[in-house]
Each structure stands twice: as structure tokens, then as C-alpha cells.
Amino acid sequence: MQWIDYSVLRLIWWALLGILLIGFAIMDGQDMGMGTLLPFVAKTDTERRTLINTVAPHWDGNQVWFITGGASIFAAWPMVYATAFSGFYWAMMAVLWALFFRPVGFDYRSKIHNPRWRQSWDWGIFIGSFIPPVIFGVAFGNLFLGLPFQFNDELRSFYYGSFWQLLNPFALICGLVSISMMVFHGAIYLNVRTDGQIQQRVRKAAALALVVCLSAFTFAGVFITQDIFGYGLIEGSYQPNAMSDPLLKEVYTAPGLWMRNYYLYPILILVPFLAYVSLLGAWLLAKANKNHCAFWCSAAGMACIVLTAGIALFPFLLPSSIDPRSSLIIWDASSSKRTLLVMLIVSVIFIPLIVTYTSWCYHVLRGKITPKFIKDNDHNIY
């Protein structure tokens, strides 16, 4: 196994984790955006079923990205998984409780012809689609602030925070970025799959979500550059090829330090710039009825937002606010070299298969979902 360096493997897995997060944002963003819009842009039961059936064949497959992302953190970054899921325990429980509404809501909503029954499940789908993106955004925001944890000499982690401490102003802004970009992406996806009055309402919702997303994204950037203490590594205090031990490095903090990578490599500033350009381009393309191009522009914009955060945090995975030395970075929080290599081989085989199969499913089930289609297939669909 000498043909690939341990530090390179760690870097590859950091990139793969980013790809999985982007995949989750793009793929699950479609149906979570739809679910968040469901009670607001659809006025009748038929219109709500129209929206639901635009994602019906794909929503459970889209969650593969979410599950794979969590599994990858567990396998590639076990210290990050253990520490983060301890600190975010109640937040993750809230995500799971909210997600319960999605499969049950999709499956049971239309089984009884009762307006109150169906409306209740519509709000259940809304809860299951709205809460997870908000909490994921809040969690990302707290990464920039650092989490109150530390390791003892035996590398046991101790978390000293609470759920309510996570709900600070900056983290809530990041939560707003997360939910608004998913609502925008969901609206752009619905713009592809619907027509008529539903499509017009969806475009209005997309415009509102775009304004909120870009405004919140800008405010978050201002906070990061001006008011928030970033983290940096003292050169020579860590070994990229050494076994994982987070207490062997030295970390310092300073205001605006999260912009370090952008100052070192100015070309990277193109990433947040492309986020603005892509999302605005998606809206303009949607208005011009170039709906498929609008969808891909929206996907690119979401990818750039995730990359903007990832570049700023690099090489930190989980900064510590009470003991910076305990912060977890890609060089000292990973699994063994053998584990990363075996997982990489598996990923190289299966990720292309997943992408190919998903693309085939979307190709086969392409086309508009209309109220007429819902009425003609009343007993065969959600």
C-alpha cells in the first residue's frame, strides 16, 4: 500500500466528503424544497398531489446521499463522528424525528379521501422537509464558531455545550442560507416538472427564496471576514502522515482567519462569486423558459455555496472553542491508511454506479406532471 501517500488519502477523503455533501444538497434539495413549498404554492388537493408526484419516484433514492455522507464520516473520520454526534445529539434527534414525517406522509397522505387527513400530512411533509436543512445549516454555522469540546490525555472527548447554545445569531443566518437555497433549488426543479398556474407560483417563490439566500449568504460572509475568530495551524506542529492524534498540534485563533485560504490562493474567490452568478443565472434562465439549464445552474450555485464553506474551513473539520488544540483536522482525525484505501476502492466502484442508475431513473421518468395526469392516475400514484 506504499503506492499512495497517507496524507494524500486523507485529502482525497476530505474531497469525497465534500462531493457527498454537495450531492445531498442538490439531490435532496429538490424534494425538501418541494416539501417546504407544498402548503404555500399548491392551492387544491390535486395541485398538492401534482407537486408530490414530481419527486415521488426519486425522493427515497435521493436520501442515499445523506446516508452515505453520514456513513463516510463514521468510517473515514471516526473522531469527528463521535464528537459531532455527541455535541449535536439533540439536533440530530430533531432531524430524525422530522424525517419520520416524510416516508409516512408520502405513503399515507392520499390513501384516505378526507381533507383534514390530507392537510395534516401536507404539514407533516413540510416539517420533514423544512427542519433538516435548517438544522444542517445551523450545524455548519457552529463549525465556524467552534464547538465547546476537548480531549483528555486518553483522547476521550468531553462536550460542554447545550442544544440552545447552537441557536446563536450567526448559526441561524447559516440555517437561513441552507433552507433558502434548498427552497430555491426545489422551486427551480418544480419549474421543470410543472406547468400552468403552478409553475407561475413556483417562479414567484423562487424569486423570494433567491433574495433571501443571497442576502443571508452575504451577511454570513461579512460576519466571517469581520467578527468571527478563525482557526489556524502553527506550521510544523502537525504531521500529515502521522497516526491520528489531535493533541500533537498547535492551533491559534484570530479575527478573520477563516479567510486565510482565500488570501493565500486569490483564485479561490471565484467560488463564492460563481455562487452568486449561478443562482442569479438560474433565475433568469427560468424566466426565459430554459428550464433544464436553469436547474443545472441552480445545482452549480448550491455546489459553490458548499465549497465556499469547505474552502474556508480547510483543513479543519471540527474546531474546538474551549481548547483549540483539540480541534480536529483532516490530518489527525482520520481512520487508518488501510481503511481509507479500501473505502476509496469501494467508492470508485460504487459512486459511478449510483450516479449512472440515478441518471437513468430521472431520464426514464422525465416529463411534466400535470393535474390531468393526477386525475387520470388517481389510484396509482401518491
# chains A, B, ... in the order shown; residues from 1 in each chain; ligands from 1
call {"tool": "residues_around", "arguments": {"residues": "Pro169 (chain A)", "least_positions_apart": "6", "cutoff": "10 Å", "atoms": "only C-alpha atoms", "output": "PyMOL selection string"}}
result
chain A and resi 138+141+175
call {"tool": "residues_around", "arguments": {"residues": "Leu20 (chain A)", "least_positions_apart": "6", "cutoff": "9 Å", "atoms": "only C-alpha atoms", "output": "list in words"}}
result
Trp65, Phe66, Thr68, Gly69 and Ser72 of chain A
call {"tool": "atom_distance", "arguments": {"atom1": "CA of Tyr159 (chain A)", "atom2": "CA of Pro315 (chain A)"}}
result
21.5 Å
call {"tool": "closest_residue", "arguments": {"among": "A:Ala84, A:Val251, A:Ile305, A:Leu210", "to": "Ser180 (chain A)", "atoms": "only C-alpha atoms"}}
result
A:Leu210
call {"tool": "residues_around", "arguments": {"residues": "Asn62 (chain A)", "least_positions_apart": "5", "cutoff": "10 Å", "atoms": "only C-alpha atoms", "output": "PyMOL selection string"}}
result
chain A and resi 23-31+55+57+67+358
call {"tool": "write_last_selection", "arguments": {"atoms": "C-alpha atoms", "output": "short mmCIF file (atom, residue, chain, number, x, y, z; two decimals), in the first residue's frame"}}
result
data_model
loop_
_atom_site.label_atom_id
_atom_site.label_comp_id
_atom_site.auth_asym_id
_atom_site.auth_seq_id
_atom_site.Cartn_x
_atom_site.Cartn_y
_atom_site.Cartn_z
CA GLY A 23 -24.75 15.55 -3.77
CA PHE A 24 -27.05 15.64 -0.76
CA ALA A 25 -27.71 19.37 -1.18
CA ILE A 26 -28.54 19.02 -4.88
CA MET A 27 -30.48 15.76 -4.85
CA ASP A 28 -32.32 16.02 -1.53
CA GLY A 29 -32.64 19.76 -2.04
CA GLN A 30 -35.17 19.06 -4.79
CA ASP A 31 -37.66 17.17 -2.65
CA VAL A 55 -40.46 13.83 -6.55
CA PRO A 57 -40.18 8.25 -7.81
CA ILE A 67 -26.99 8.25 4.41
CA THR A 358 -29.93 7.70 -10.71
#
call {"tool": "select_by_dssp", "arguments": {"residues": "region 145-324 of chain A", "states": "strand (DSSP E or B)", "output": "list of chain:residue names"}}
result
A:Leu147, A:Phe149, A:Gln150, A:Phe151, A:Ser157, A:Phe158, A:Tyr159, A:Phe229, A:Gly230, A:Tyr231, A:Gly232, A:Leu233, A:Val251, A:Tyr252, A:Thr253, A:Ala254, A:Pro255, A:Phe316, A:Leu317, A:Leu318, A:Ser320
call {"tool": "residues_around", "arguments": {"residues": "region 325-327 of chain A", "least_positions_apart": "6", "cutoff": "9 Å", "atoms": "only C-alpha atoms", "output": "PDB file with N, CA and C atoms, in the first residue's frame"}}
result
ATOM      1  N   GLY A 146     -16.760  27.259  16.317  1.00  0.00           N
ATOM      2  CA  GLY A 146     -16.108  26.289  17.184  1.00  0.00           C
ATOM      3  C   GLY A 146     -17.096  25.701  18.172  1.00  0.00           C
ATOM      4  N   LEU A 147     -16.902  24.433  18.510  1.00  0.00           N
ATOM      5  CA  LEU A 147     -17.787  23.747  19.447  1.00  0.00           C
ATOM      6  C   LEU A 147     -17.080  23.568  20.787  1.00  0.00           C
ATOM      7  N   PHE A 149     -15.827  21.539  23.065  1.00  0.00           N
ATOM      8  CA  PHE A 149     -15.408  20.186  23.415  1.00  0.00           C
ATOM      9  C   PHE A 149     -13.893  20.171  23.591  1.00  0.00           C
ATOM     10  N   GLN A 150     -13.407  19.139  24.251  1.00  0.00           N
ATOM     11  CA  GLN A 150     -11.970  18.940  24.360  1.00  0.00           C
ATOM     12  C   GLN A 150     -11.675  17.469  24.619  1.00  0.00           C
ATOM     13  N   PHE A 151     -10.447  17.083  24.342  1.00  0.00           N
ATOM     14  CA  PHE A 151      -9.983  15.719  24.595  1.00  0.00           C
ATOM     15  C   PHE A 151      -9.098  15.700  25.836  1.00  0.00           C
ATOM     16  N   ASN A 152      -9.191  14.610  26.606  1.00  0.00           N
ATOM     17  CA  ASN A 152      -8.227  14.431  27.687  1.00  0.00           C
ATOM     18  C   ASN A 152      -7.014  13.674  27.160  1.00  0.00           C
ATOM     19  N   SER A 157     -13.361  12.397  24.394  1.00  0.00           N
ATOM     20  CA  SER A 157     -13.899  13.742  24.162  1.00  0.00           C
ATOM     21  C   SER A 157     -14.973  14.074  25.194  1.00  0.00           C
ATOM     22  N   PRO A 246      -5.095  14.177  17.815  1.00  0.00           N
ATOM     23  CA  PRO A 246      -5.379  15.612  17.714  1.00  0.00           C
ATOM     24  C   PRO A 246      -4.625  16.481  18.709  1.00  0.00           C
ATOM     25  N   LEU A 247      -3.990  15.889  19.714  1.00  0.00           N
ATOM     26  CA  LEU A 247      -3.324  16.692  20.737  1.00  0.00           C
ATOM     27  C   LEU A 247      -1.856  16.972  20.426  1.00  0.00           C
ATOM     28  N   LEU A 248      -1.395  16.575  19.251  1.00  0.00           N
ATOM     29  CA  LEU A 248       0.008  16.769  18.908  1.00  0.00           C
ATOM     30  C   LEU A 248       0.275  18.058  18.137  1.00  0.00           C
ATOM     31  N   LYS A 249      -0.756  18.825  17.830  1.00  0.00           N
ATOM     32  CA  LYS A 249      -0.583  20.041  17.035  1.00  0.00           C
ATOM     33  C   LYS A 249      -0.796  21.276  17.899  1.00  0.00           C
ATOM     34  N   GLU A 250      -0.481  22.436  17.340  1.00  0.00           N
ATOM     35  CA  GLU A 250      -0.728  23.720  17.990  1.00  0.00           C
ATOM     36  C   GLU A 250      -1.635  24.558  17.088  1.00  0.00           C
ATOM     37  N   VAL A 251      -2.679  25.130  17.686  1.00  0.00           N
ATOM     38  CA  VAL A 251      -3.676  25.905  16.944  1.00  0.00           C
ATOM     39  C   VAL A 251      -3.769  27.308  17.532  1.00  0.00           C
ATOM     40  N   TYR A 252      -3.906  28.301  16.685  1.00  0.00           N
ATOM     41  CA  TYR A 252      -4.110  29.669  17.161  1.00  0.00           C
ATOM     42  C   TYR A 252      -5.382  30.230  16.526  1.00  0.00           C
ATOM     43  N   PHE A 316      -9.615  22.305   8.754  1.00  0.00           N
ATOM     44  CA  PHE A 316     -10.351  21.971   9.977  1.00  0.00           C
ATOM     45  C   PHE A 316     -11.657  21.258   9.641  1.00  0.00           C
ATOM     46  N   LEU A 317     -11.966  20.232  10.406  1.00  0.00           N
ATOM     47  CA  LEU A 317     -13.232  19.515  10.307  1.00  0.00           C
ATOM     48  C   LEU A 317     -14.152  19.866  11.456  1.00  0.00           C
ATOM     49  N   LEU A 318     -13.583  20.009  12.651  1.00  0.00           N
ATOM     50  CA  LEU A 318     -14.378  20.284  13.847  1.00  0.00           C
ATOM     51  C   LEU A 318     -13.541  21.118  14.812  1.00  0.00           C
ATOM     52  N   PRO A 319     -13.604  22.452  14.714  1.00  0.00           N
ATOM     53  CA  PRO A 319     -12.822  23.302  15.609  1.00  0.00           C
ATOM     54  C   PRO A 319     -13.388  23.285  17.038  1.00  0.00           C
TER      55      PRO A 319
END
call {"tool": "residues_around", "arguments": {"residues": "Gln197 (chain A)", "least_positions_apart": "6", "cutoff": "10 Å", "atoms": "only C-alpha atoms", "output": "PyMOL selection string"}}
result
chain A and resi 41-42+47+203
call {"tool": "select_by_dssp", "arguments": {"residues": "region 283-374 of chain A", "states": "helix (DSSP H, G or I)", "output": "ChimeraX atom specification"}}
result
/A:283-287,291-313,324-326,337-364,371-374
call {"tool": "atom_distance", "arguments": {"atom1": "CA of Gly186 (chain A)", "atom2": "CA of Ile351 (chain A)"}}
result
23.6 Å
call {"tool": "residues_around", "arguments": {"residues": "Phe373 (chain A)", "least_positions_apart": "5", "cutoff": "12 Å", "atoms": "only C-alpha atoms", "output": "PDB file with N, CA and C atoms, in the first residue's frame"}}
result
ATOM      1  N   THR A  46     -55.510  18.477  -5.752  1.00  0.00           N
ATOM      2  CA  THR A  46     -54.908  17.983  -6.998  1.00  0.00           C
ATOM      3  C   THR A  46     -53.558  18.644  -7.247  1.00  0.00           C
ATOM      4  N   GLU A  47     -53.466  19.945  -6.980  1.00  0.00           N
ATOM      5  CA  GLU A  47     -52.195  20.645  -7.170  1.00  0.00           C
ATOM      6  C   GLU A  47     -51.143  20.143  -6.192  1.00  0.00           C
ATOM      7  N   ARG A  49     -50.989  17.128  -4.911  1.00  0.00           N
ATOM      8  CA  ARG A  49     -50.574  15.808  -5.408  1.00  0.00           C
ATOM      9  C   ARG A  49     -49.663  15.956  -6.628  1.00  0.00           C
ATOM     10  N   THR A  50     -49.901  16.988  -7.418  1.00  0.00           N
ATOM     11  CA  THR A  50     -49.022  17.243  -8.564  1.00  0.00           C
ATOM     12  C   THR A  50     -47.599  17.495  -8.078  1.00  0.00           C
ATOM     13  N   LEU A  51     -47.454  18.359  -7.080  1.00  0.00           N
ATOM     14  CA  LEU A  51     -46.126  18.647  -6.544  1.00  0.00           C
ATOM     15  C   LEU A  51     -45.488  17.400  -5.948  1.00  0.00           C
ATOM     16  N   ASN A  53     -45.950  14.289  -6.607  1.00  0.00           N
ATOM     17  CA  ASN A  53     -45.582  13.265  -7.585  1.00  0.00           C
ATOM     18  C   ASN A  53     -44.456  13.691  -8.520  1.00  0.00           C
ATOM     19  N   THR A  54     -44.012  14.951  -8.441  1.00  0.00           N
ATOM     20  CA  THR A  54     -42.805  15.318  -9.183  1.00  0.00           C
ATOM     21  C   THR A  54     -41.562  14.685  -8.556  1.00  0.00           C
ATOM     22  N   THR A 194     -43.479  21.085 -13.752  1.00  0.00           N
ATOM     23  CA  THR A 194     -44.881  21.517 -13.743  1.00  0.00           C
ATOM     24  C   THR A 194     -45.124  22.549 -14.837  1.00  0.00           C
ATOM     25  N   GLY A 367     -40.312  14.447 -17.745  1.00  0.00           N
ATOM     26  CA  GLY A 367     -41.561  14.994 -18.270  1.00  0.00           C
ATOM     27  C   GLY A 367     -42.355  15.747 -17.232  1.00  0.00           C
ATOM     28  N   LYS A 368     -43.403  16.427 -17.686  1.00  0.00           N
ATOM     29  CA  LYS A 368     -44.238  17.253 -16.819  1.00  0.00           C
ATOM     30  C   LYS A 368     -45.243  16.382 -16.057  1.00  0.00           C
ATOM     31  N   ASP A 378     -55.506   8.477 -10.618  1.00  0.00           N
ATOM     32  CA  ASP A 378     -55.878   8.792  -9.234  1.00  0.00           C
ATOM     33  C   ASP A 378     -55.534   7.668  -8.262  1.00  0.00           C
ATOM     34  N   HIS A 379     -55.666   6.409  -8.637  1.00  0.00           N
ATOM     35  CA  HIS A 379     -55.480   5.300  -7.707  1.00  0.00           C
ATOM     36  C   HIS A 379     -54.099   4.646  -7.814  1.00  0.00           C
ATOM     37  N   ASN A 380     -53.244   5.155  -8.676  1.00  0.00           N
ATOM     38  CA  ASN A 380     -51.965   4.514  -8.913  1.00  0.00           C
ATOM     39  C   ASN A 380     -50.755   5.306  -8.417  1.00  0.00           C
ATOM     40  N   ILE A 381     -50.970   6.515  -7.941  1.00  0.00           N
ATOM     41  CA  ILE A 381     -49.853   7.378  -7.548  1.00  0.00           C
ATOM     42  C   ILE A 381     -50.125   7.954  -6.156  1.00  0.00           C
ATOM     43  N   TYR A 382     -49.150   8.677  -5.624  1.00  0.00           N
ATOM     44  CA  TYR A 382     -49.282   9.303  -4.308  1.00  0.00           C
ATOM     45  C   TYR A 382     -50.394  10.337  -4.334  1.00  0.00           C
TER      46      TYR A 382
END
call {"tool": "residues_around", "arguments": {"residues": "Gly230 (chain A)", "least_positions_apart": "5", "cutoff": "7 Å", "atoms": "only C-alpha atoms", "output": "MDAnalysis selection string"}}
result
chainID A and resid 253:258
call {"tool": "write_last_selection", "arguments": {"atoms": "C-alpha atoms", "output": "compact mmCIF listing (two decimals), in the first residue's frame"}}
result
# COMPACT_ATOMS: atom_id res chain seq x y z
CA THR A 253 -7.15 31.90 16.62
CA ALA A 254 -7.59 35.40 15.23
CA PRO A 255 -10.39 37.53 13.72
CA GLY A 256 -10.97 36.91 10.02
CA LEU A 257 -8.66 33.89 9.96
CA TRP A 258 -11.26 31.81 8.12
call {"tool": "atom_distance", "arguments": {"atom1": "CA of Pro132 (chain A)", "atom2": "CA of Met93 (chain A)"}}
result
10.2 Å
call {"tool": "closest_residue", "arguments": {"among": "A:Gly105, A:Phe136, A:Leu145, A:Ser335", "to": "Ser120 (chain A)", "atoms": "only C-alpha atoms"}}
result
A:Gly105
call {"tool": "closest_residue", "arguments": {"among": "A:Leu344, A:Ala300, A:Cys174, A:Ile4", "to": "Phe219 (chain A)", "atoms": "only C-alpha atoms"}}
result
A:Cys174
call {"tool": "closest_residue", "arguments": {"among": "A:Ile188, A:Val346, A:Ile224, A:Ile125", "to": "Asp107 (chain A)", "atoms": "only C-alpha atoms"}}
result
A:Ile125
call {"tool": "closest_residue", "arguments": {"among": "A:Ile52, A:Val348, A:Val342, A:Val183", "to": "Cys213 (chain A)", "atoms": "only C-alpha atoms"}}
result
A:Val183
call {"tool": "decode", "arguments": {"residues": "region 38-69 of chain A", "atoms": "N, CA and C atoms", "output": "PDB file, in the first residue's frame"}}
result
ATOM      1  N   LEU A  38     -44.777  23.048  -0.442  1.00  0.00           N
ATOM      2  CA  LEU A  38     -46.044  22.347  -0.667  1.00  0.00           C
ATOM      3  C   LEU A  38     -47.275  23.065  -0.123  1.00  0.00           C
ATOM      4  N   PRO A  39     -47.311  23.515   1.140  1.00  0.00           N
ATOM      5  CA  PRO A  39     -48.550  24.132   1.638  1.00  0.00           C
ATOM      6  C   PRO A  39     -48.805  25.532   1.083  1.00  0.00           C
ATOM      7  N   PHE A  40     -47.826  26.107   0.375  1.00  0.00           N
ATOM      8  CA  PHE A  40     -47.926  27.517   0.010  1.00  0.00           C
ATOM      9  C   PHE A  40     -48.162  27.764  -1.474  1.00  0.00           C
ATOM     10  N   VAL A  41     -47.617  26.934  -2.355  1.00  0.00           N
ATOM     11  CA  VAL A  41     -47.762  27.201  -3.789  1.00  0.00           C
ATOM     12  C   VAL A  41     -48.845  26.350  -4.429  1.00  0.00           C
ATOM     13  N   ALA A  42     -49.343  25.343  -3.737  1.00  0.00           N
ATOM     14  CA  ALA A  42     -50.424  24.499  -4.259  1.00  0.00           C
ATOM     15  C   ALA A  42     -51.720  24.843  -3.535  1.00  0.00           C
ATOM     16  N   LYS A  43     -52.753  25.168  -4.278  1.00  0.00           N
ATOM     17  CA  LYS A  43     -53.996  25.665  -3.676  1.00  0.00           C
ATOM     18  C   LYS A  43     -55.050  24.580  -3.500  1.00  0.00           C
ATOM     19  N   THR A  44     -55.006  23.540  -4.290  1.00  0.00           N
ATOM     20  CA  THR A  44     -56.016  22.483  -4.211  1.00  0.00           C
ATOM     21  C   THR A  44     -55.331  21.140  -3.940  1.00  0.00           C
ATOM     22  N   ASP A  45     -56.154  20.142  -3.611  1.00  0.00           N
ATOM     23  CA  ASP A  45     -55.602  18.818  -3.350  1.00  0.00           C
ATOM     24  C   ASP A  45     -54.923  18.258  -4.597  1.00  0.00           C
ATOM     25  N   THR A  46     -55.510  18.477  -5.752  1.00  0.00           N
ATOM     26  CA  THR A  46     -54.908  17.983  -6.998  1.00  0.00           C
ATOM     27  C   THR A  46     -53.558  18.644  -7.247  1.00  0.00           C
ATOM     28  N   GLU A  47     -53.466  19.945  -6.980  1.00  0.00           N
ATOM     29  CA  GLU A  47     -52.195  20.645  -7.170  1.00  0.00           C
ATOM     30  C   GLU A  47     -51.143  20.143  -6.192  1.00  0.00           C
ATOM     31  N   ARG A  48     -51.556  19.848  -4.950  1.00  0.00           N
ATOM     32  CA  ARG A  48     -50.591  19.323  -3.982  1.00  0.00           C
ATOM     33  C   ARG A  48     -50.096  17.938  -4.405  1.00  0.00           C
ATOM     34  N   ARG A  49     -50.989  17.128  -4.911  1.00  0.00           N
ATOM     35  CA  ARG A  49     -50.574  15.808  -5.408  1.00  0.00           C
ATOM     36  C   ARG A  49     -49.663  15.956  -6.628  1.00  0.00           C
ATOM     37  N   THR A  50     -49.901  16.988  -7.418  1.00  0.00           N
ATOM     38  CA  THR A  50     -49.022  17.243  -8.564  1.00  0.00           C
ATOM     39  C   THR A  50     -47.599  17.495  -8.078  1.00  0.00           C
ATOM     40  N   LEU A  51     -47.454  18.359  -7.080  1.00  0.00           N
ATOM     41  CA  LEU A  51     -46.126  18.647  -6.544  1.00  0.00           C
ATOM     42  C   LEU A  51     -45.488  17.400  -5.948  1.00  0.00           C
ATOM     43  N   ILE A  52     -46.235  16.662  -5.157  1.00  0.00           N
ATOM     44  CA  ILE A  52     -45.689  15.469  -4.500  1.00  0.00           C
ATOM     45  C   ILE A  52     -45.196  14.452  -5.526  1.00  0.00           C
ATOM     46  N   ASN A  53     -45.950  14.289  -6.607  1.00  0.00           N
ATOM     47  CA  ASN A  53     -45.582  13.265  -7.585  1.00  0.00           C
ATOM     48  C   ASN A  53     -44.456  13.691  -8.520  1.00  0.00           C
ATOM     49  N   THR A  54     -44.012  14.951  -8.441  1.00  0.00           N
ATOM     50  CA  THR A  54     -42.805  15.318  -9.183  1.00  0.00           C
ATOM     51  C   THR A  54     -41.562  14.685  -8.556  1.00  0.00           C
ATOM     52  N   VAL A  55     -41.619  14.428  -7.242  1.00  0.00           N
ATOM     53  CA  VAL A  55     -40.461  13.833  -6.548  1.00  0.00           C
ATOM     54  C   VAL A  55     -40.741  12.406  -6.104  1.00  0.00           C
ATOM     55  N   ALA A  56     -41.966  11.939  -6.277  1.00  0.00           N
ATOM     56  CA  ALA A  56     -42.367  10.627  -5.745  1.00  0.00           C
ATOM     57  C   ALA A  56     -41.456   9.475  -6.165  1.00  0.00           C
ATOM     58  N   PRO A  57     -41.011   9.398  -7.427  1.00  0.00           N
ATOM     59  CA  PRO A  57     -40.180   8.246  -7.805  1.00  0.00           C
ATOM     60  C   PRO A  57     -38.740   8.334  -7.294  1.00  0.00           C
ATOM     61  N   HIS A  58     -38.340   9.521  -6.800  1.00  0.00           N
ATOM     62  CA  HIS A  58     -36.920   9.738  -6.551  1.00  0.00           C
ATOM     63  C   HIS A  58     -36.558  10.101  -5.122  1.00  0.00           C
ATOM     64  N   TRP A  59     -37.512  10.563  -4.299  1.00  0.00           N
ATOM     65  CA  TRP A  59     -37.134  11.168  -3.030  1.00  0.00           C
ATOM     66  C   TRP A  59     -36.373  10.199  -2.128  1.00  0.00           C
ATOM     67  N   ASP A  60     -36.790   8.917  -2.095  1.00  0.00           N
ATOM     68  CA  ASP A  60     -36.095   7.974  -1.215  1.00  0.00           C
ATOM     69  C   ASP A  60     -34.702   7.644  -1.755  1.00  0.00           C
ATOM     70  N   GLY A  61     -34.558   7.586  -3.074  1.00  0.00           N
ATOM     71  CA  GLY A  61     -33.233   7.382  -3.655  1.00  0.00           C
ATOM     72  C   GLY A  61     -32.316   8.564  -3.407  1.00  0.00           C
ATOM     73  N   ASN A  62     -32.883   9.776  -3.394  1.00  0.00           N
ATOM     74  CA  ASN A  62     -32.069  10.963  -3.139  1.00  0.00           C
ATOM     75  C   ASN A  62     -31.431  10.930  -1.757  1.00  0.00           C
ATOM     76  N   GLN A  63     -32.099  10.286  -0.803  1.00  0.00           N
ATOM     77  CA  GLN A  63     -31.568  10.251   0.558  1.00  0.00           C
ATOM     78  C   GLN A  63     -30.358   9.332   0.692  1.00  0.00           C
ATOM     79  N   VAL A  64     -30.037   8.591  -0.372  1.00  0.00           N
ATOM     80  CA  VAL A  64     -28.806   7.796  -0.360  1.00  0.00           C
ATOM     81  C   VAL A  64     -27.598   8.699  -0.099  1.00  0.00           C
ATOM     82  N   TRP A  65     -27.633   9.915  -0.655  1.00  0.00           N
ATOM     83  CA  TRP A  65     -26.514  10.836  -0.466  1.00  0.00           C
ATOM     84  C   TRP A  65     -26.374  11.231   1.001  1.00  0.00           C
ATOM     85  N   PHE A  66     -27.477  11.437   1.667  1.00  0.00           N
ATOM     86  CA  PHE A  66     -27.471  11.790   3.088  1.00  0.00           C
ATOM     87  C   PHE A  66     -26.929  10.635   3.927  1.00  0.00           C
ATOM     88  N   ILE A  67     -27.425   9.434   3.652  1.00  0.00           N
ATOM     89  CA  ILE A  67     -26.995   8.252   4.408  1.00  0.00           C
ATOM     90  C   ILE A  67     -25.519   7.959   4.142  1.00  0.00           C
ATOM     91  N   THR A  68     -25.107   8.054   2.880  1.00  0.00           N
ATOM     92  CA  THR A  68     -23.720   7.779   2.528  1.00  0.00           C
ATOM     93  C   THR A  68     -22.781   8.804   3.149  1.00  0.00           C
ATOM     94  N   GLY A  69     -23.219  10.063   3.197  1.00  0.00           N
ATOM     95  CA  GLY A  69     -22.397  11.096   3.824  1.00  0.00           C
ATOM     96  C   GLY A  69     -22.162  10.803   5.300  1.00  0.00           C
TER      97      GLY A  69
END
